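Below is one structure, written out as structure tokens; comments come after it.
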Amino acid sequence: MSLNRRKFLKKSAVTGAGVALAGSVAAPAAEAAEAKKGGKPVKRYSLTVMGTTDLHGHVFNWDYFKDAEYKDTAGNAQGLARISTLVNAVRKEKGRGNTLLLDAGDTIQGTPLTYYYAKVDPITAKGGPVHPMAQAMNAIGYDAVALGNHEFNYGIETLRKFEEQCRFPLLGANALDAKTLKPAFPPYFMKKFHVPGAPPVKVAVLGLTNPGIAIWDKAYVQGKLTFPGLEEQAAKWVPKLRSMGADVVVVSAHSGSSGTSSYGDQLPYIENSAALVAQQVPGIDAILVGHAHVEIPELKVTNTATGKTVVLSEPLAYAERLSLFDFELVFDKGRWTVESVAASVRNSNSVVDDPKITKLLKDEHDVVVAYVNQVVGTATETLTTVEARYKDAAIIDLITKVQEDVVKAALVGTEYASLPVIAQASPFSRTSEIPAGNVTIRDLSSLYVYDNTLVAKVMTGAQVRAYLEYSANYFVRTAADAVIDTAKLTNANNRPDYNYDYVSGLQYDIDIAQAEGSRIKNLTYNGAALDDAQQFVLAVNNYRANGGGAFPHVASATEVWAESTEIRTRIAEWVTAKGSLNPAEFASVDWKLTRDGTPVF
């Protein structure tokens, strides 16, 4: 399927280590307020920095998986079309010449819209389309965007093409060329704001991305790019920006504020280090936080060295919120200094779509809606993930069955063909449903929302047992006589659903009355107790295979096969080839929750 029309744009290449905006923005005279201080007039200036993060391909307030307007119980609205309306209002309120618009990464992955223009009608093709996110963000007028880890999901070629199509720089001070250890992307962006009767205010934006890219997209970046820690690179670059005359330093960081890492000790760098950057690196005024998908209107962190307050803000993902940093500056003793910073968020549900954005991308949206509504088969009954977190659900068995079949076929004729194939899968969504009757691409895509690919690793029975024990830590320890509340049964230690795995081809109980590490009971293979020395081929997604979630043994296990086709695509191919989706062909109850040996359900 091809687009009815192509949209092209001309853009000059970004050169040099950083990006400095040569043209300055004039501020209205009214913005340079004068006040008396010690009998002398003092120049003041107000600046507003706006920020989004983790847009994940959301242009419209539309759920492609449900083929309907997006709705949730909290009444949120999504999409850059809403953000555009909010941004326009702020620019009108503050004066466009007194604002900056930033993003903290994860832009080109996350919806069927982004998948379509990466894989089905790719932007990398000769004469290919301009990425919808580039079109929308160009039209809204973003000034700079930090790289997110999901920017690398489709490979470096796709990312570079997207970069070429953007009229703003993609920043990554800690995304280095693996050979030269020099920045592979611009580390920073600088902009001058003119103030009548005073020197211009120079604002520097430092972009930092997530070290986890080295694990999560190892196949694309290994040997090409390296990603040192955010604290280390901020400590290198912030003094440089100050020495270049920056009056204000803002960091756009694709890194949460919790100080935690999902990949354990596999990397010496912290995944969610935004607050540590604020605490450890002097000279930063504010940090736009990303990656964690939580809403933080304002977080104040004290810098250890200076005692000064650094203000952080993380807007909710999917363009549901817009963060505002309101700076008040004063010109005193020959220089501008930041007097105060206040952060807040504005809600996308408070406005309507900007018709400029909806009109701009209607063609692309309509093409993708048609694509995801293609019928690929029929289902004999409705399959749902509603109880998949705590009951063995047939809909997850579909994923493991497809993965088993693909890997078995791939290993034919190899020395590993005789090994039994088992597979892992996670309950990604709590609301996915494949209805009885016609099955579409969007039904199957809603089941597997990530662009993961398939890897085959060799594991021993003992290693698989340890893997399952680690996975079982997802459940909250629950005494045998306690009342079961399914809403409180899972996500122990804040573990997300995507870091809980089923493993097919084995039978086992998870005794949630037991302590962590002692929960897997009655583990069998082919009806017999699992042999610790038995070898298996584990069909596993690339995120988990590379260490995502810090599951034991899998990252270091021998890899015998891998591919670049998405698991979601393999599921669609499997259903298309079968023509029908009948649980009798793929579903089995292999595990159950127990308490002191008694089934919970």
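Naming works like this for the structure tokens: A, B, ... for the chains as they're shown, residue 1 at the start of each chain, ligands 1 onward in shown order.
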
Handout entry: Near-Val351 in chain A list (12 Å; only C-alpha atoms; drop same-chain fewer than 6 positions) as a PyMOL selection string
Key = chain A and resi 61+76-89+320-322

Residues from last step as file, N, CA and C atoms, as a PDB file, in the first residue's frame:
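Okay, this is what ended up in out.pdb:
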```pdb
ATOM      1  N   ASN A  61      -5.747  11.932  18.826  1.00  0.00           N
ATOM      2  CA  ASN A  61      -6.410  11.342  19.982  1.00  0.00           C
ATOM      3  C   ASN A  61      -7.200  10.115  19.505  1.00  0.00           C
ATOM      4  N   ASN A  76      -8.178  11.299  30.126  1.00  0.00           N
ATOM      5  CA  ASN A  76      -7.052  11.877  29.403  1.00  0.00           C
ATOM      6  C   ASN A  76      -7.305  11.944  27.903  1.00  0.00           C
ATOM      7  N   ALA A  77      -6.619  12.852  27.253  1.00  0.00           N
ATOM      8  CA  ALA A  77      -6.601  12.941  25.796  1.00  0.00           C
ATOM      9  C   ALA A  77      -5.153  12.883  25.346  1.00  0.00           C
ATOM     10  N   GLN A  78      -4.932  12.410  24.139  1.00  0.00           N
ATOM     11  CA  GLN A  78      -3.583  12.191  23.637  1.00  0.00           C
ATOM     12  C   GLN A  78      -3.354  12.909  22.315  1.00  0.00           C
ATOM     13  N   GLY A  79      -2.084  13.016  21.945  1.00  0.00           N
ATOM     14  CA  GLY A  79      -1.731  13.412  20.593  1.00  0.00           C
ATOM     15  C   GLY A  79      -1.157  14.798  20.432  1.00  0.00           C
ATOM     16  N   LEU A  80      -0.256  14.894  19.448  1.00  0.00           N
ATOM     17  CA  LEU A  80       0.389  16.171  19.149  1.00  0.00           C
ATOM     18  C   LEU A  80      -0.588  17.225  18.646  1.00  0.00           C
ATOM     19  N   ALA A  81      -1.708  16.813  18.077  1.00  0.00           N
ATOM     20  CA  ALA A  81      -2.693  17.802  17.639  1.00  0.00           C
ATOM     21  C   ALA A  81      -3.216  18.600  18.839  1.00  0.00           C
ATOM     22  N   ARG A  82      -3.360  17.924  19.993  1.00  0.00           N
ATOM     23  CA  ARG A  82      -3.760  18.620  21.228  1.00  0.00           C
ATOM     24  C   ARG A  82      -2.606  19.467  21.768  1.00  0.00           C
ATOM     25  N   ILE A  83      -1.408  18.895  21.760  1.00  0.00           N
ATOM     26  CA  ILE A  83      -0.234  19.627  22.236  1.00  0.00           C
ATOM     27  C   ILE A  83      -0.056  20.918  21.440  1.00  0.00           C
ATOM     28  N   SER A  84      -0.302  20.849  20.139  1.00  0.00           N
ATOM     29  CA  SER A  84      -0.164  22.030  19.291  1.00  0.00           C
ATOM     30  C   SER A  84      -1.071  23.160  19.767  1.00  0.00           C
ATOM     31  N   THR A  85      -2.294  22.807  20.156  1.00  0.00           N
ATOM     32  CA  THR A  85      -3.225  23.816  20.668  1.00  0.00           C
ATOM     33  C   THR A  85      -2.717  24.416  21.970  1.00  0.00           C
ATOM     34  N   LEU A  86      -2.201  23.561  22.861  1.00  0.00           N
ATOM     35  CA  LEU A  86      -1.642  24.057  24.119  1.00  0.00           C
ATOM     36  C   LEU A  86      -0.443  24.973  23.871  1.00  0.00           C
ATOM     37  N   VAL A  87       0.435  24.548  22.963  1.00  0.00           N
ATOM     38  CA  VAL A  87       1.639  25.334  22.648  1.00  0.00           C
ATOM     39  C   VAL A  87       1.256  26.694  22.071  1.00  0.00           C
ATOM     40  N   ASN A  88       0.289  26.685  21.169  1.00  0.00           N
ATOM     41  CA  ASN A  88      -0.162  27.956  20.582  1.00  0.00           C
ATOM     42  C   ASN A  88      -0.672  28.910  21.660  1.00  0.00           C
ATOM     43  N   ALA A  89      -1.382  28.353  22.639  1.00  0.00           N
ATOM     44  CA  ALA A  89      -1.930  29.188  23.716  1.00  0.00           C
ATOM     45  C   ALA A  89      -0.809  29.777  24.579  1.00  0.00           C
ATOM     46  N   GLU A 320      -0.093  13.537  26.531  1.00  0.00           N
ATOM     47  CA  GLU A 320      -1.218  13.810  27.429  1.00  0.00           C
ATOM     48  C   GLU A 320      -1.003  15.072  28.272  1.00  0.00           C
ATOM     49  N   ARG A 321       0.268  15.479  28.426  1.00  0.00           N
ATOM     50  CA  ARG A 321       0.575  16.679  29.190  1.00  0.00           C
ATOM     51  C   ARG A 321       1.680  17.475  28.498  1.00  0.00           C
ATOM     52  N   LEU A 322       1.720  18.755  28.813  1.00  0.00           N
ATOM     53  CA  LEU A 322       2.787  19.651  28.384  1.00  0.00           C
ATOM     54  C   LEU A 322       3.388  20.275  29.635  1.00  0.00           C
TER      55      LEU A 322
END
```

Problem - Non-local contacts of range 241-251 of chain A (6 Å; only C-alpha atoms; under 3 positions in same chain excluded) as a ChimeraX atom specification - result: /A:202-207,238,284-287,336

Practice task
Tell me, as a PyMOL selection string, which residues lie within 10 Å of His254 in chain A, counting only C-alpha atoms; anything in the same chain fewer than 4 positions away does not count.
Solution key: chain A and resi 53-54+103-106+145-149+172+207-211+230+271-274+288-292

Practice task
May I have all residues of range 190-289 of chain A that DSSP, computed from the backbone, assigns to strand (DSSP E), given as an MDAnalysis selection string?
Solution key: chainID A and resid 190:195 198:208 225:226 248:253 286:289

Practice task
Write out as a ChimeraX atom specification which residues come within 10 Å of range 597-600 of chain A when counting only C-alpha atoms, dropping same-chain ones fewer than 2 positions away.
Solution key: /A:390-391,480,484,509-513,521-522,592-595

Quick one: write out the picked residues with C-alpha atoms as a PDB file, in the first residue's frame?
```pdb
ATOM      1  CA  TYR A 390      -2.693 -14.200  37.155  1.00  0.00           C
ATOM      2  CA  LYS A 391      -4.246 -16.990  35.043  1.00  0.00           C
ATOM      3  CA  ALA A 480      -2.962 -18.965  52.426  1.00  0.00           C
ATOM      4  CA  ILE A 484      -7.586 -12.560  47.248  1.00  0.00           C
ATOM      5  CA  ASP A 509       2.873 -24.007  39.899  1.00  0.00           C
ATOM      6  CA  ILE A 510       3.672 -20.592  41.388  1.00  0.00           C
ATOM      7  CA  ASP A 511       3.129 -20.725  45.152  1.00  0.00           C
ATOM      8  CA  ILE A 512       2.564 -17.099  46.137  1.00  0.00           C
ATOM      9  CA  ALA A 513       2.456 -17.923  49.851  1.00  0.00           C
ATOM     10  CA  LYS A 521       6.724 -25.947  42.467  1.00  0.00           C
ATOM     11  CA  ASN A 522       6.020 -29.169  40.553  1.00  0.00           C
ATOM     12  CA  LYS A 592      -1.320 -21.880  37.913  1.00  0.00           C
ATOM     13  CA  LEU A 593      -1.070 -19.862  41.101  1.00  0.00           C
ATOM     14  CA  THR A 594      -1.223 -21.776  44.384  1.00  0.00           C
ATOM     15  CA  ARG A 595      -0.935 -21.041  48.111  1.00  0.00           C
TER      16      ARG A 595
END
```

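Each of A:Tyr318, A:Phe193, A:Tyr269, A:Phe152 was checked against Thr111 in chain A using only C-alpha atoms; the smallest atom-to-atom distance is that of A:Tyr318.
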